[in-house]
file final_8.txt (compact mmCIF, N, CA and C atoms)
# COMPACT_ATOMS: atom_id res chain seq x y z
N GLY A 1 21.30 12.00 34.88
CA GLY A 1 19.94 12.15 35.32
C GLY A 1 19.47 13.59 35.33
N TRP A 2 20.38 14.52 35.67
CA TRP A 2 19.99 15.93 35.75
C TRP A 2 19.54 16.46 34.39
N GLN A 3 20.26 16.12 33.32
CA GLN A 3 19.89 16.62 31.99
C GLN A 3 18.54 16.07 31.55
N LEU A 4 18.31 14.78 31.77
CA LEU A 4 17.02 14.20 31.42
C LEU A 4 15.90 14.84 32.22
N ALA A 5 16.13 15.02 33.51
CA ALA A 5 15.12 15.63 34.37
C ALA A 5 14.81 17.06 33.92
N GLY A 6 15.84 17.82 33.61
CA GLY A 6 15.63 19.18 33.15
C GLY A 6 14.84 19.24 31.86
N TYR A 7 15.18 18.36 30.93
CA TYR A 7 14.48 18.31 29.65
C TYR A 7 13.02 17.96 29.84
N ALA A 8 12.73 17.05 30.79
CA ALA A 8 11.36 16.62 31.05
C ALA A 8 10.59 17.58 31.95
N GLY A 9 11.28 18.63 32.47
CA GLY A 9 10.61 19.59 33.32
C GLY A 9 10.54 19.20 34.79
N HIS A 10 11.33 18.22 35.20
CA HIS A 10 11.38 17.80 36.60
C HIS A 10 12.34 18.69 37.36
N ARG A 11 12.12 18.82 38.67
CA ARG A 11 12.99 19.67 39.49
C ARG A 11 14.28 18.96 39.91
N GLY A 12 14.31 17.66 39.85
CA GLY A 12 15.49 16.91 40.24
C GLY A 12 15.57 15.59 39.50
N PRO A 13 16.69 14.87 39.63
CA PRO A 13 16.90 13.65 38.86
C PRO A 13 16.40 12.36 39.50
N ALA A 14 15.77 12.42 40.67
CA ALA A 14 15.44 11.21 41.43
C ALA A 14 14.62 10.21 40.62
N GLY A 15 13.62 10.69 39.90
CA GLY A 15 12.77 9.78 39.12
C GLY A 15 13.55 9.06 38.02
N PHE A 16 14.38 9.79 37.31
CA PHE A 16 15.18 9.18 36.25
C PHE A 16 16.25 8.26 36.83
N GLN A 17 16.83 8.65 37.95
CA GLN A 17 17.83 7.79 38.58
C GLN A 17 17.19 6.48 39.02
N HIS A 18 15.97 6.54 39.54
CA HIS A 18 15.28 5.30 39.92
C HIS A 18 15.01 4.45 38.68
N LEU A 19 14.55 5.09 37.61
CA LEU A 19 14.27 4.35 36.38
C LEU A 19 15.52 3.65 35.87
N LEU A 20 16.64 4.35 35.87
CA LEU A 20 17.87 3.79 35.32
C LEU A 20 18.58 2.81 36.25
N ASN A 21 18.46 3.00 37.56
CA ASN A 21 19.24 2.21 38.51
C ASN A 21 18.44 1.26 39.38
N GLY A 22 17.16 1.49 39.58
CA GLY A 22 16.44 0.69 40.55
C GLY A 22 15.16 0.04 40.06
N ALA A 23 14.59 0.56 38.99
CA ALA A 23 13.32 0.01 38.52
C ALA A 23 13.51 -1.37 37.90
N VAL A 24 12.53 -2.21 38.07
CA VAL A 24 12.53 -3.53 37.45
C VAL A 24 11.69 -3.44 36.18
N TRP A 25 12.29 -3.80 35.05
CA TRP A 25 11.56 -3.73 33.80
C TRP A 25 12.05 -4.82 32.86
N ASP A 26 11.26 -5.13 31.88
CA ASP A 26 11.53 -6.20 30.93
C ASP A 26 12.07 -5.59 29.65
N ALA A 27 13.37 -5.73 29.41
CA ALA A 27 14.02 -5.11 28.25
C ALA A 27 13.43 -5.60 26.94
N ASP A 28 13.07 -6.88 26.86
CA ASP A 28 12.50 -7.39 25.61
C ASP A 28 11.11 -6.83 25.35
N ALA A 29 10.32 -6.64 26.40
CA ALA A 29 8.99 -6.03 26.23
C ALA A 29 9.12 -4.58 25.78
N ILE A 30 10.09 -3.88 26.33
CA ILE A 30 10.32 -2.49 25.90
C ILE A 30 10.80 -2.45 24.45
N ARG A 31 11.69 -3.39 24.08
CA ARG A 31 12.13 -3.49 22.68
C ARG A 31 10.92 -3.66 21.76
N ASP A 32 10.01 -4.54 22.15
CA ASP A 32 8.82 -4.78 21.33
C ASP A 32 7.96 -3.52 21.21
N ASP A 33 7.81 -2.78 22.32
CA ASP A 33 7.05 -1.52 22.28
C ASP A 33 7.73 -0.50 21.37
N VAL A 34 9.06 -0.41 21.47
CA VAL A 34 9.81 0.53 20.63
C VAL A 34 9.64 0.15 19.15
N GLN A 35 9.72 -1.14 18.84
CA GLN A 35 9.56 -1.57 17.45
C GLN A 35 8.17 -1.22 16.92
N GLN A 36 7.14 -1.38 17.75
CA GLN A 36 5.78 -1.02 17.33
C GLN A 36 5.68 0.47 17.04
N TYR A 37 6.25 1.29 17.93
CA TYR A 37 6.23 2.74 17.76
C TYR A 37 7.00 3.14 16.50
N VAL A 38 8.19 2.56 16.30
CA VAL A 38 9.00 2.88 15.12
C VAL A 38 8.27 2.45 13.85
N ALA A 39 7.63 1.29 13.87
CA ALA A 39 6.88 0.83 12.69
C ALA A 39 5.78 1.82 12.34
N GLU A 40 5.07 2.33 13.35
CA GLU A 40 3.99 3.29 13.11
C GLU A 40 4.51 4.63 12.61
N CYS A 41 5.64 5.09 13.15
CA CYS A 41 6.14 6.42 12.82
C CYS A 41 7.08 6.46 11.63
N LEU A 42 7.89 5.43 11.46
CA LEU A 42 8.93 5.45 10.44
C LEU A 42 8.79 4.34 9.40
N GLY A 43 7.86 3.43 9.60
CA GLY A 43 7.76 2.25 8.75
C GLY A 43 7.40 2.56 7.31
N THR A 44 8.18 2.00 6.39
CA THR A 44 7.91 2.06 4.95
C THR A 44 8.30 0.71 4.36
N PRO A 45 7.70 0.33 3.24
CA PRO A 45 8.02 -0.98 2.65
C PRO A 45 9.48 -1.17 2.28
N ASP A 46 10.22 -0.07 2.10
CA ASP A 46 11.64 -0.20 1.73
C ASP A 46 12.56 -0.01 2.94
N GLY A 47 12.06 -0.10 4.17
CA GLY A 47 12.87 0.03 5.36
C GLY A 47 13.90 -1.09 5.46
N VAL A 48 15.02 -0.79 6.07
CA VAL A 48 16.09 -1.77 6.21
C VAL A 48 16.62 -1.78 7.64
N LEU A 49 17.28 -2.88 8.00
CA LEU A 49 17.98 -2.97 9.27
C LEU A 49 19.47 -2.78 9.01
N ILE A 50 20.12 -2.03 9.88
CA ILE A 50 21.56 -1.86 9.82
C ILE A 50 22.10 -2.32 11.17
N LEU A 51 23.07 -3.24 11.14
CA LEU A 51 23.63 -3.78 12.38
C LEU A 51 25.07 -3.33 12.55
N ASP A 52 25.42 -3.03 13.81
CA ASP A 52 26.77 -2.57 14.11
C ASP A 52 27.07 -2.85 15.57
N ASP A 53 28.34 -3.06 15.87
CA ASP A 53 28.75 -3.22 17.26
C ASP A 53 29.34 -1.92 17.76
N THR A 54 29.18 -1.67 19.03
CA THR A 54 29.65 -0.44 19.65
C THR A 54 30.22 -0.76 21.02
N GLY A 55 31.30 -0.08 21.38
CA GLY A 55 31.88 -0.24 22.71
C GLY A 55 31.59 0.98 23.56
N PHE A 56 31.36 0.75 24.85
CA PHE A 56 31.07 1.81 25.81
C PHE A 56 32.15 1.80 26.87
N LEU A 57 32.86 2.89 27.00
CA LEU A 57 33.90 3.00 28.01
C LEU A 57 33.29 2.84 29.39
N LYS A 58 33.91 2.01 30.24
CA LYS A 58 33.43 1.77 31.60
C LYS A 58 34.57 1.94 32.58
N LYS A 59 34.31 2.63 33.65
CA LYS A 59 35.30 2.83 34.70
C LYS A 59 34.73 2.29 36.01
N GLY A 60 35.60 1.97 36.94
CA GLY A 60 35.14 1.58 38.26
C GLY A 60 35.44 0.13 38.59
N GLN A 61 35.11 -0.23 39.83
CA GLN A 61 35.42 -1.56 40.35
C GLN A 61 34.44 -2.63 39.90
N HIS A 62 33.20 -2.26 39.63
CA HIS A 62 32.15 -3.24 39.36
C HIS A 62 31.72 -3.17 37.90
N LEU A 63 32.59 -3.60 37.04
CA LEU A 63 32.33 -3.59 35.61
C LEU A 63 31.38 -4.73 35.29
N ARG A 64 30.21 -4.40 34.76
CA ARG A 64 29.22 -5.40 34.41
C ARG A 64 29.39 -5.84 32.97
N TRP A 65 29.58 -7.11 32.76
CA TRP A 65 29.68 -7.69 31.43
C TRP A 65 30.78 -7.02 30.63
N GLY A 66 31.87 -6.69 31.22
CA GLY A 66 32.88 -5.93 30.51
C GLY A 66 34.17 -6.68 30.28
N ALA A 67 35.00 -6.10 29.45
CA ALA A 67 36.31 -6.66 29.15
C ALA A 67 37.17 -5.56 28.57
N GLU A 68 38.45 -5.83 28.43
CA GLU A 68 39.31 -4.87 27.78
C GLU A 68 39.18 -5.02 26.27
N ALA A 69 39.12 -3.87 25.60
CA ALA A 69 39.03 -3.86 24.15
C ALA A 69 39.55 -2.53 23.65
N VAL A 70 39.88 -2.47 22.37
CA VAL A 70 40.30 -1.23 21.75
C VAL A 70 39.03 -0.51 21.30
N LEU A 71 38.85 0.73 21.74
CA LEU A 71 37.67 1.51 21.39
C LEU A 71 38.01 2.53 20.31
N GLY A 72 37.09 2.71 19.38
CA GLY A 72 37.24 3.75 18.37
C GLY A 72 38.45 3.52 17.49
N HIS A 73 39.03 4.61 17.05
CA HIS A 73 40.18 4.54 16.15
C HIS A 73 41.50 4.57 16.91
N GLY A 74 41.42 4.64 18.23
CA GLY A 74 42.63 4.71 19.04
C GLY A 74 43.34 3.38 19.14
N ARG A 75 44.48 3.43 19.71
CA ARG A 75 45.26 2.21 19.89
C ARG A 75 45.30 1.79 21.35
N ARG A 76 44.63 2.55 22.20
CA ARG A 76 44.62 2.21 23.63
C ARG A 76 43.58 1.14 23.92
N THR A 77 43.91 0.30 24.86
CA THR A 77 42.98 -0.71 25.34
C THR A 77 42.30 -0.16 26.59
N GLU A 78 40.98 -0.22 26.65
CA GLU A 78 40.21 0.32 27.76
C GLU A 78 39.21 -0.73 28.24
N ASN A 79 38.77 -0.59 29.49
CA ASN A 79 37.66 -1.40 29.98
C ASN A 79 36.38 -0.90 29.32
N CYS A 80 35.61 -1.81 28.79
CA CYS A 80 34.39 -1.38 28.11
C CYS A 80 33.36 -2.51 28.09
N GLN A 81 32.15 -2.12 27.74
CA GLN A 81 31.10 -3.08 27.40
C GLN A 81 30.93 -2.99 25.90
N ILE A 82 30.57 -4.10 25.29
CA ILE A 82 30.34 -4.12 23.85
C ILE A 82 28.94 -4.65 23.61
N ALA A 83 28.24 -3.98 22.71
CA ALA A 83 26.89 -4.42 22.35
C ALA A 83 26.77 -4.39 20.83
N VAL A 84 25.84 -5.18 20.34
CA VAL A 84 25.50 -5.18 18.92
C VAL A 84 24.10 -4.57 18.84
N PHE A 85 23.93 -3.59 17.95
CA PHE A 85 22.66 -2.89 17.81
C PHE A 85 22.10 -3.07 16.42
N ALA A 86 20.76 -3.04 16.32
CA ALA A 86 20.07 -3.00 15.04
C ALA A 86 19.32 -1.68 14.96
N ALA A 87 19.54 -0.96 13.87
CA ALA A 87 18.83 0.29 13.60
C ALA A 87 17.88 0.05 12.44
N TYR A 88 16.68 0.60 12.54
CA TYR A 88 15.73 0.58 11.42
C TYR A 88 15.88 1.91 10.69
N VAL A 89 16.02 1.85 9.37
CA VAL A 89 16.21 3.05 8.56
C VAL A 89 15.22 3.03 7.41
N SER A 90 14.52 4.15 7.24
CA SER A 90 13.63 4.32 6.10
C SER A 90 13.73 5.77 5.63
N ALA A 91 13.01 6.12 4.59
CA ALA A 91 13.01 7.50 4.10
C ALA A 91 12.45 8.45 5.15
N LYS A 92 11.69 7.94 6.12
CA LYS A 92 11.09 8.77 7.16
C LYS A 92 12.02 9.02 8.35
N GLY A 93 13.11 8.26 8.48
CA GLY A 93 14.03 8.46 9.59
C GLY A 93 14.70 7.17 10.01
N ARG A 94 15.29 7.22 11.20
CA ARG A 94 16.01 6.04 11.70
C ARG A 94 15.89 5.98 13.22
N ALA A 95 15.98 4.76 13.73
CA ALA A 95 15.90 4.56 15.18
C ALA A 95 16.50 3.21 15.54
N LEU A 96 17.09 3.13 16.74
CA LEU A 96 17.58 1.84 17.24
C LEU A 96 16.37 1.00 17.64
N VAL A 97 16.36 -0.27 17.22
CA VAL A 97 15.19 -1.10 17.47
C VAL A 97 15.50 -2.44 18.15
N ASP A 98 16.78 -2.78 18.30
CA ASP A 98 17.12 -4.04 18.96
C ASP A 98 18.56 -3.95 19.45
N ARG A 99 18.91 -4.86 20.37
CA ARG A 99 20.23 -4.85 20.96
C ARG A 99 20.55 -6.21 21.56
N GLU A 100 21.82 -6.51 21.62
CA GLU A 100 22.33 -7.69 22.33
C GLU A 100 23.63 -7.29 22.99
N LEU A 101 23.75 -7.53 24.27
CA LEU A 101 24.97 -7.23 25.00
C LEU A 101 25.94 -8.40 24.84
N TYR A 102 27.16 -8.10 24.47
CA TYR A 102 28.19 -9.10 24.23
C TYR A 102 28.79 -9.54 25.57
N LEU A 103 28.83 -10.83 25.80
CA LEU A 103 29.45 -11.40 26.99
C LEU A 103 30.80 -11.97 26.59
N PRO A 104 31.89 -11.40 27.09
CA PRO A 104 33.22 -11.89 26.69
C PRO A 104 33.41 -13.37 27.03
N LYS A 105 34.11 -14.07 26.17
CA LYS A 105 34.36 -15.50 26.36
C LYS A 105 35.09 -15.75 27.68
N SER A 106 35.93 -14.81 28.09
CA SER A 106 36.69 -14.98 29.34
C SER A 106 35.78 -15.02 30.57
N TRP A 107 34.56 -14.54 30.45
CA TRP A 107 33.64 -14.54 31.58
C TRP A 107 32.93 -15.88 31.76
N THR A 108 32.68 -16.60 30.69
CA THR A 108 31.80 -17.77 30.75
C THR A 108 32.25 -18.88 31.69
N PRO A 109 33.56 -19.14 31.90
CA PRO A 109 33.92 -20.21 32.83
C PRO A 109 33.81 -19.80 34.31
N ASN A 110 33.60 -18.51 34.59
CA ASN A 110 33.59 -18.02 35.96
C ASN A 110 32.15 -17.74 36.42
N ALA A 111 31.50 -18.76 36.96
CA ALA A 111 30.09 -18.65 37.37
C ALA A 111 29.90 -17.59 38.44
N ASP A 112 30.84 -17.47 39.39
CA ASP A 112 30.71 -16.48 40.46
C ASP A 112 30.73 -15.06 39.89
N ARG A 113 31.64 -14.81 38.97
CA ARG A 113 31.73 -13.49 38.35
C ARG A 113 30.44 -13.16 37.59
N CYS A 114 29.95 -14.13 36.84
CA CYS A 114 28.71 -13.93 36.08
C CYS A 114 27.53 -13.66 37.02
N ARG A 115 27.45 -14.43 38.08
CA ARG A 115 26.35 -14.25 39.04
C ARG A 115 26.42 -12.86 39.67
N ALA A 116 27.62 -12.41 40.05
CA ALA A 116 27.80 -11.09 40.65
C ALA A 116 27.40 -9.98 39.69
N ALA A 117 27.59 -10.19 38.39
CA ALA A 117 27.23 -9.20 37.38
C ALA A 117 25.80 -9.38 36.88
N LYS A 118 25.06 -10.31 37.49
CA LYS A 118 23.66 -10.58 37.13
C LYS A 118 23.51 -11.07 35.70
N VAL A 119 24.50 -11.83 35.24
CA VAL A 119 24.39 -12.49 33.95
C VAL A 119 23.49 -13.69 34.14
N PRO A 120 22.43 -13.83 33.35
CA PRO A 120 21.53 -14.98 33.51
C PRO A 120 22.28 -16.31 33.36
N ASP A 121 21.89 -17.30 34.16
CA ASP A 121 22.54 -18.62 34.10
C ASP A 121 22.44 -19.25 32.72
N THR A 122 21.42 -18.89 31.96
CA THR A 122 21.22 -19.48 30.63
C THR A 122 22.10 -18.83 29.56
N ARG A 123 22.75 -17.72 29.89
CA ARG A 123 23.56 -17.00 28.91
C ARG A 123 24.87 -17.73 28.66
N VAL A 124 25.21 -17.93 27.40
CA VAL A 124 26.46 -18.56 27.02
C VAL A 124 27.20 -17.61 26.08
N PHE A 125 28.46 -17.90 25.84
CA PHE A 125 29.24 -17.08 24.93
C PHE A 125 28.66 -17.16 23.52
N ALA A 126 28.58 -16.01 22.86
CA ALA A 126 28.19 -15.93 21.46
C ALA A 126 29.02 -14.83 20.81
N THR A 127 29.51 -15.09 19.63
CA THR A 127 30.27 -14.06 18.91
C THR A 127 29.33 -12.91 18.55
N LYS A 128 29.92 -11.78 18.20
CA LYS A 128 29.10 -10.63 17.78
C LYS A 128 28.30 -10.98 16.53
N ASN A 129 28.88 -11.79 15.64
CA ASN A 129 28.14 -12.21 14.45
C ASN A 129 26.91 -13.03 14.82
N LYS A 130 27.04 -13.91 15.81
CA LYS A 130 25.89 -14.71 16.24
C LYS A 130 24.82 -13.83 16.90
N LEU A 131 25.25 -12.82 17.64
CA LEU A 131 24.29 -11.89 18.24
C LEU A 131 23.54 -11.13 17.15
N ALA A 132 24.26 -10.68 16.12
CA ALA A 132 23.63 -9.99 15.01
C ALA A 132 22.65 -10.91 14.28
N ARG A 133 23.05 -12.15 14.09
CA ARG A 133 22.17 -13.13 13.42
C ARG A 133 20.89 -13.34 14.21
N ALA A 134 20.99 -13.39 15.53
CA ALA A 134 19.79 -13.57 16.37
C ALA A 134 18.81 -12.42 16.15
N MET A 135 19.33 -11.20 16.04
CA MET A 135 18.44 -10.05 15.81
C MET A 135 17.83 -10.11 14.42
N ILE A 136 18.61 -10.53 13.43
CA ILE A 136 18.08 -10.66 12.07
C ILE A 136 16.97 -11.70 12.03
N LEU A 137 17.17 -12.81 12.74
CA LEU A 137 16.15 -13.86 12.76
C LEU A 137 14.89 -13.43 13.52
N ARG A 138 15.02 -12.51 14.49
CA ARG A 138 13.85 -11.99 15.21
C ARG A 138 13.06 -10.99 14.37
N ALA A 139 13.72 -10.31 13.46
CA ALA A 139 13.12 -9.19 12.72
C ALA A 139 11.83 -9.54 11.98
N PRO A 140 11.73 -10.68 11.29
CA PRO A 140 10.48 -10.96 10.57
C PRO A 140 9.24 -11.06 11.48
N ALA A 141 9.44 -11.41 12.75
CA ALA A 141 8.31 -11.50 13.69
C ALA A 141 7.95 -10.13 14.27
N SER A 142 8.78 -9.12 14.02
CA SER A 142 8.51 -7.78 14.53
C SER A 142 7.50 -7.08 13.65
N PRO A 143 6.93 -5.97 14.14
CA PRO A 143 5.99 -5.21 13.30
C PRO A 143 6.68 -4.33 12.25
N LEU A 144 8.00 -4.33 12.23
CA LEU A 144 8.73 -3.46 11.31
C LEU A 144 8.61 -3.94 9.87
N PRO A 145 8.19 -3.05 8.95
CA PRO A 145 8.17 -3.44 7.54
C PRO A 145 9.60 -3.37 6.98
N ILE A 146 10.14 -4.51 6.62
CA ILE A 146 11.53 -4.58 6.17
C ILE A 146 11.55 -5.07 4.72
N ALA A 147 12.28 -4.36 3.88
CA ALA A 147 12.40 -4.73 2.47
C ALA A 147 13.07 -6.09 2.35
N SER A 148 12.60 -6.90 1.43
CA SER A 148 13.26 -8.18 1.18
C SER A 148 14.39 -7.96 0.20
N GLY A 149 15.48 -8.72 0.42
CA GLY A 149 16.72 -8.53 -0.34
C GLY A 149 16.61 -8.87 -1.74
call {"tool": "encode", "arguments": {"input": "final_8.txt", "output": "structure tokens"}}
result
Amino acid sequence: GWQLAGYAGHRGPAGFQHLLNGAVWDADAIRDDVQQYVAECLGTPDGVLILDDTGFLKKGQHLRWGAEAVLGHGRRTENCQIAVFAAYVSAKGRALVDRELYLPKSWTPNADRCRAAKVPDTRVFATKNKLARAMILRAPASPLPIASG
């Protein structure tokens, strides 16, 4: 929070900490706003989507949506969260435009654990490939100009 606050010219991190930890916001609505902005700034008829999964190292007692996995090129197993991201790339630049958080299969039978981690009751296990497919199927309805294959 301190680095973001400093960059924005704020005297302290309280505003950013509230935004990141306490504010209520609609992630899908923000995704849609980001896609509109990216389409206006970076959109070209030959733009493409690039999908990739990424793991985020997580420490602590209250791991949200996490599991053990091998991160990076190392051989160590660490607690992490895994997400699948879609980036829009054109000659004008690149930006992340969509995301899906991966819910490990080991979590789905444990309703109490899911509830404690604020996993929606409607969420079910999906492979990373299925998460990527969902983003690909959403893309034509977005404002992003995407080249046809």
call {"tool": "atom_distance", "arguments": {"input": "final_8.txt", "atom1": "atom N of Ala95 of chain A", "atom2": "atom N of Gly55 of chain A"}}
result
17.8 Å
call {"tool": "select_by_dssp", "arguments": {"input": "final_8.txt", "residues": "segment 7-145 of chain A", "states": "strand (DSSP E or B)", "output": "VMD selection string"}}
result
chain A and resid 48 to 57 67 to 70 77 to 90 93 to 101
call {"tool": "atom_distance", "arguments": {"input": "final_8.txt", "atom1": "atom CA of Leu42 of chain A", "atom2": "atom CA of Lys92 of chain A"}}
result
5.1 Å
call {"tool": "closest_residue", "arguments": {"input": "final_8.txt", "among": "A:Gly47, A:Ile82, A:Trp2, A:Gln17", "to": "Ser148 of chain A", "atoms": "only N, CA and C atoms"}}
result
A:Gly47
call {"tool": "closest_residue", "arguments": {"input": "final_8.txt", "among": "A:Thr122, A:Asn21, A:Ser90, A:Asn79", "to": "Pro45 of chain A", "atoms": "all atoms listed in the file"}}
result
A:Ser90
call {"tool": "select_by_dssp", "arguments": {"input": "final_8.txt", "residues": "chain A", "states": "alpha helix (DSSP H)", "output": "ChimeraX atom specification"}}
result
/A:2-8,14-21,27-42,111-116,128-138
call {"tool": "atom_distance", "arguments": {"input": "final_8.txt", "atom1": "atom CA of Thr54 of chain A", "atom2": "atom CA of Glu100 of chain A"}}
result
10.6 Å
call {"tool": "residues_around", "arguments": {"input": "final_8.txt", "residues": "Val97 of chain A", "least_positions_apart": "4", "cutoff": "7 Å", "atoms": "all atoms listed in the file", "output": "PyMOL selection string"}}
result
chain A and resi 31+34-35+85-88
call {"tool": "closest_residue", "arguments": {"input": "final_8.txt", "among": "A:Trp25, A:Gly9, A:Asp98, A:Ala117", "to": "Ala134 of chain A", "atoms": "only C-alpha atoms"}}
result
A:Asp98
call {"tool": "closest_residue", "arguments": {"input": "final_8.txt", "among": "A:Ala116, A:Leu131, A:Leu101, A:Val48", "to": "Ala147 of chain A", "atoms": "only C-alpha atoms"}}
result
A:Val48
call {"tool": "residues_around", "arguments": {"input": "final_8.txt", "residues": "Gln36 of chain A", "least_positions_apart": "5", "cutoff": "7 Å", "atoms": "all atoms listed in the file", "output": "list in words"}}
result
Arg31, Cys41, Pro143 and Leu144 of chain A
call {"tool": "closest_residue", "arguments": {"input": "final_8.txt", "among": "A:Arg94, A:His18, A:His10, A:Lys105", "to": "Leu49 of chain A", "atoms": "only C-alpha atoms"}}
result
A:Arg94
